[in-house]
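See structure below.
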Amino acid sequence: MNKNFYITTPIYYPSANFHIGHCYSTIIADSIARYKRLDGFDTFFLTGSDEHGQKIEKKASETGVTPKEYVDKIVANAKDLWKQLDISYDRFIRTTDEDHVKCVQKVFKKLYDQGDIYKGEYKGLYCTPCESFWTETQLVEGKCPDCGREVQLVKEEAYFLKLSNYQDRLEKYIEEHPDFIQPESRKNEMINNFIKPGLEDLCVSRTSFKWGIPVTFDTNHVVYVWIDALSNYLTALGYLSDDETLMKKYWPADVHIVGKEIVRFHTIIWPIMLMALDLPLPKKVFGHGWLIIDGGKISKSLGNYRDPREYIEKYGKDAVRYYVLREIPFGSDGNFSEEALIGRINSDLANVWGNLVNRTVGMANKYFDGTISNSKVNEDIDKPLVDDISSLKSRTDKLLDELQISKILENIFDLLRACNKYIDDTTPWVLAKDETKKGRLETVLYNLLEAIRVSNILLMPFMPTSTKKVIETINSENNSFKEAKFIDNLKYTVSKTPSPLFERIQSE
RNA sequence: CGCAAAUUGGAGCAGUUGGUCAGCUCGUUAGGCUCAUAACCUAAAGGUCGCGGGUUCGAAUCCCGCAUUUGCACCCA
């Protein structure tokens, strides 16, 4: 099988430790990557950090360390966080990695030699104390919106990327590939706000700070943000290096997961860079929404968030994963609160899923000493359940391609809910009192175990830890994606001592 | 100013191309059951689908206007 799949998260800016929002992006990407791997795809999952720039230079000097020391610390923290969340990345790329630096320099030179990058002059309104450039509309009464002081018109020699050359090609590409930008509302935003009014050439170098990748042929300049950052998706695959095997195997990317604020860079600048490099464009860019805290966005400067580890330690990694995947609808913003997190844990994970496993295994032990096979004493009521079990995989596949993660979980939990209902409808405790109904009782339990097994397989990408526990509890050996359908001749020997999958959280 | 998006019972959300579209989850109330993590199942209460017009045999669903909120245009998952 040579089906390949390449998925990326943004590379995050390590000016401060990562928060639950970074976790959200990364958990989505991780879940998709895991799903594809389990579904037989040769998958490459990339995440990382975007470490250059003035802000980090400044932060570092404030703390009295070098920029590299500063980011090293944050990156170590991030890697620990990803470990705690079971993030299965294949590579964590850092823009300070040597191969990345080399590649960016080659890309820059190549674009320059081709004439896509030219030398010009950057003009801007600059506030010296704040070290920030502002546009005219941002100014408050003609002064710096941050400190209220005068701004100066500053000119700086800089290199520019000619976006206008590719405008028509880009517009055409977007029109002809309706799935390229997801969700669609973002696509309209890009076309109307940026492409149609005309693209301005993009400033791609700076001389005002040093913490960046030097331009090889003009060492006063460092590469500015986007050529540096976006190239990571290529440099991780060895683009322009001695070994381009990964590049040949995985490019173009299947999906870039990004936050809605950087959709623009991924759907305008990035495709244009790739066109200029004569490379195929990524198949999909998904701009997801944000987690909103107390009605406002997560803000590093407001500090209105807590270390995600607090939630992980308190409620478990899978609970956090489930919450963000389930709570936020496709492409929109979603609220994050501890209260809602607890609500999800109790109502979905504990009551519906955990309790179903617990009661089913309990009955298997109580009535059959833990050993269940399919006695095939079926009744009409079994049919819908069995059909649901067998069709779950294909329904899930479809939703995954549409990146409807929340709906996938909804679907799977619908099946689990149906099982709870099925138990009430079939009343196993009544069957157990009648020796002649023994066969029927066993069939009911078998069907339930099948539902648990199959739904568990499909939950594995989203909750790797808890699903492992379910496998141990029902002792299933058939856990591949290919076996995610109703199989009628398995034999179960369930655990004698099941422990709750998720404890209910008592609210204070 | 511009370009977008949102506004559906107490909360959070579904509602492709207009005719079971008024639905789901949580919450509330009542009942049932006992295999189970005070869990599970059933039922009920609760919305004139932001407001005002219009198109249509018929609109939450299309058109116009208004209001409120949010996003983007400048760095931010």
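Going through the structure tokens in order, the chains are called A, B, and so on, while each chain numbers its residues from 1 and the ligands are numbered from 1 in the order shown.
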
Interface list for chain A, partner chain B, 8 Å threshold, only C-alpha atoms (C1' of nucleotides), as a PyMOL selection string: chain A and resi 12+21-25+134-135+138+185+188-189+192-193+258-259+261+290+299+343+350-351+354-356+358-360+362-363+420-421+424+428-429+500+503-504

Near-B:G18 list (8 Å; only C-alpha atoms (C1' of nucleotides); drop same-chain fewer than 6 positions) as an MDAnalysis selection string: chainID B and resid 59 61:62

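Contact shell of A:Ile262 at 9 Å (only C-alpha atoms (C1' of nucleotides); same-chain neighbours under 4 positions omitted): Pro10, Val258, His266, Thr267 and Gly287 of chain A.
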
Okay, now the selection with N, CA and C atoms, as a PDB file, in the first residue's frame?
ATOM      1  N   PRO A  10       0.375  24.621  12.364  1.00  0.00           N
ATOM      2  CA  PRO A  10       1.240  25.789  12.186  1.00  0.00           C
ATOM      3  C   PRO A  10       2.483  25.575  13.044  1.00  0.00           C
ATOM      4  N   VAL A 258      -4.582  25.205  10.328  1.00  0.00           N
ATOM      5  CA  VAL A 258      -4.121  26.515  10.802  1.00  0.00           C
ATOM      6  C   VAL A 258      -5.256  27.222  11.544  1.00  0.00           C
ATOM      7  N   HIS A 266      -1.559  31.309   4.473  1.00  0.00           N
ATOM      8  CA  HIS A 266      -1.498  29.950   3.927  1.00  0.00           C
ATOM      9  C   HIS A 266      -2.258  29.802   2.619  1.00  0.00           C
ATOM     10  N   THR A 267      -3.111  30.747   2.315  1.00  0.00           N
ATOM     11  CA  THR A 267      -3.899  30.583   1.094  1.00  0.00           C
ATOM     12  C   THR A 267      -3.549  31.643   0.049  1.00  0.00           C
ATOM     13  N   GLY A 287      -8.848  26.399   8.173  1.00  0.00           N
ATOM     14  CA  GLY A 287      -8.745  27.452   9.175  1.00  0.00           C
ATOM     15  C   GLY A 287      -9.774  27.240  10.263  1.00  0.00           C
TER      16      GLY A 287
END

Expected answer as JSON, numbers by chain: strand (DSSP E) residues in stretch 1-137 of chain A: {"A": [4, 5, 6, 7, 8, 9, 10, 11, 12, 42, 43, 44, 45, 46, 47, 48, 49, 91, 92, 93, 94, 117, 118, 119, 120, 121, 122, 123, 124, 125, 126, 127, 132, 133, 134]}

Per-residue DSSP, stretch 294-338 of chain A, filtered to helix (DSSP H, G or I), as an MDAnalysis selection string: chainID A and resid 308:315 317:327 338

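One finds atom CA of A:Val71 at 9.4 Å from atom CA of A:Asp50.
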
Distance in Å - atom CA of A:Asp72 versus atom CA of A:Val324: 27.5 Å

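For the set B:C1, B:A60, B:G32, B:G9, the residue with the smallest atom-to-atom gap to B:A45 is B:G9, counting only C-alpha atoms (C1' of nucleotides).
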
Exercise: A:Asn77 partners within 12 Å, only C-alpha atoms (C1' of nucleotides), chain neighbours under 3 positions left out, as a PyMOL selection string: chain A and resi 14+16-19+49+70-74+80-84+307-309

I need the residues from that last selection saved to file as a short mmCIF file (atom, residue, chain, number, x, y, z; two decimals), in the first residue's frame (with N, CA and C atoms), if you can.
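The resulting file, part_21.cif, is reproduced below:
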data_model
loop_
_atom_site.label_atom_id
_atom_site.label_comp_id
_atom_site.auth_asym_id
_atom_site.auth_seq_id
_atom_site.Cartn_x
_atom_site.Cartn_y
_atom_site.Cartn_z
N PRO A 14 7.08 30.91 19.82
CA PRO A 14 7.37 30.62 21.23
C PRO A 14 7.80 31.86 22.02
N ALA A 16 5.93 32.88 24.43
CA ALA A 16 5.48 32.52 25.77
C ALA A 16 5.07 31.05 25.71
N ASN A 17 4.86 30.45 26.86
CA ASN A 17 4.46 29.04 26.86
C ASN A 17 3.12 28.85 26.16
N PHE A 18 2.96 27.66 25.60
CA PHE A 18 1.77 27.40 24.81
C PHE A 18 0.53 27.26 25.69
N HIS A 19 -0.59 27.65 25.12
CA HIS A 19 -1.83 27.58 25.88
C HIS A 19 -2.81 26.60 25.23
N SER A 49 8.05 25.00 15.80
CA SER A 49 8.05 26.35 16.35
C SER A 49 8.74 27.34 15.42
N TYR A 70 16.35 31.51 25.10
CA TYR A 70 14.96 31.80 25.43
C TYR A 70 14.02 30.79 24.78
N VAL A 71 14.19 30.59 23.48
CA VAL A 71 13.27 29.67 22.80
C VAL A 71 13.51 28.21 23.17
N ASP A 72 14.75 27.87 23.48
CA ASP A 72 15.04 26.50 23.89
C ASP A 72 14.17 26.10 25.08
N LYS A 73 14.03 27.01 25.97
CA LYS A 73 13.28 26.74 27.18
C LYS A 73 11.79 26.53 26.87
N ILE A 74 11.29 27.42 26.03
CA ILE A 74 9.87 27.30 25.69
C ILE A 74 9.59 26.06 24.87
N ASP A 80 7.20 18.83 26.17
CA ASP A 80 6.65 18.13 27.32
C ASP A 80 5.12 18.14 27.28
N LEU A 81 4.59 19.28 26.91
CA LEU A 81 3.13 19.39 26.81
C LEU A 81 2.58 18.41 25.77
N TRP A 82 3.24 18.35 24.62
CA TRP A 82 2.77 17.44 23.56
C TRP A 82 2.86 15.98 24.02
N LYS A 83 3.87 15.70 24.80
CA LYS A 83 4.00 14.35 25.32
C LYS A 83 2.82 14.03 26.23
N GLN A 84 2.49 14.98 27.05
CA GLN A 84 1.38 14.76 27.99
C GLN A 84 0.05 14.63 27.29
N ASP A 307 -2.16 27.17 32.43
CA ASP A 307 -1.35 26.14 31.81
C ASP A 307 -2.23 24.92 31.54
N PRO A 308 -2.24 24.45 30.29
CA PRO A 308 -3.08 23.30 29.95
C PRO A 308 -2.81 22.09 30.83
N ARG A 309 -1.62 22.02 31.36
CA ARG A 309 -1.29 20.87 32.22
C ARG A 309 -2.20 20.79 33.44
#

For A:Thr47: contacts at 10 Å, only C-alpha atoms (C1' of nucleotides), fewer than 5 positions along chain excluded, given as JSON, numbers by chain: {"A": [7, 8, 9, 10, 11, 12, 26, 29, 30, 87, 88, 89, 90, 91, 92, 93, 94, 232, 233, 236]}

All residues 9 Å or closer to A:Pro498, only C-alpha atoms (C1' of nucleotides), same chain fewer than 2 positions away omitted, as a PyMOL selection string: chain A and resi 357-358+361-362+472-474+494-496+500-501

Long-range neighbours of B:G23 as a VMD selection string, 12 Å cut-off, only C-alpha atoms (C1' of nucleotides), 5 positions minimum in chain: chain B and resid 8 to 9 13 to 15 47 49
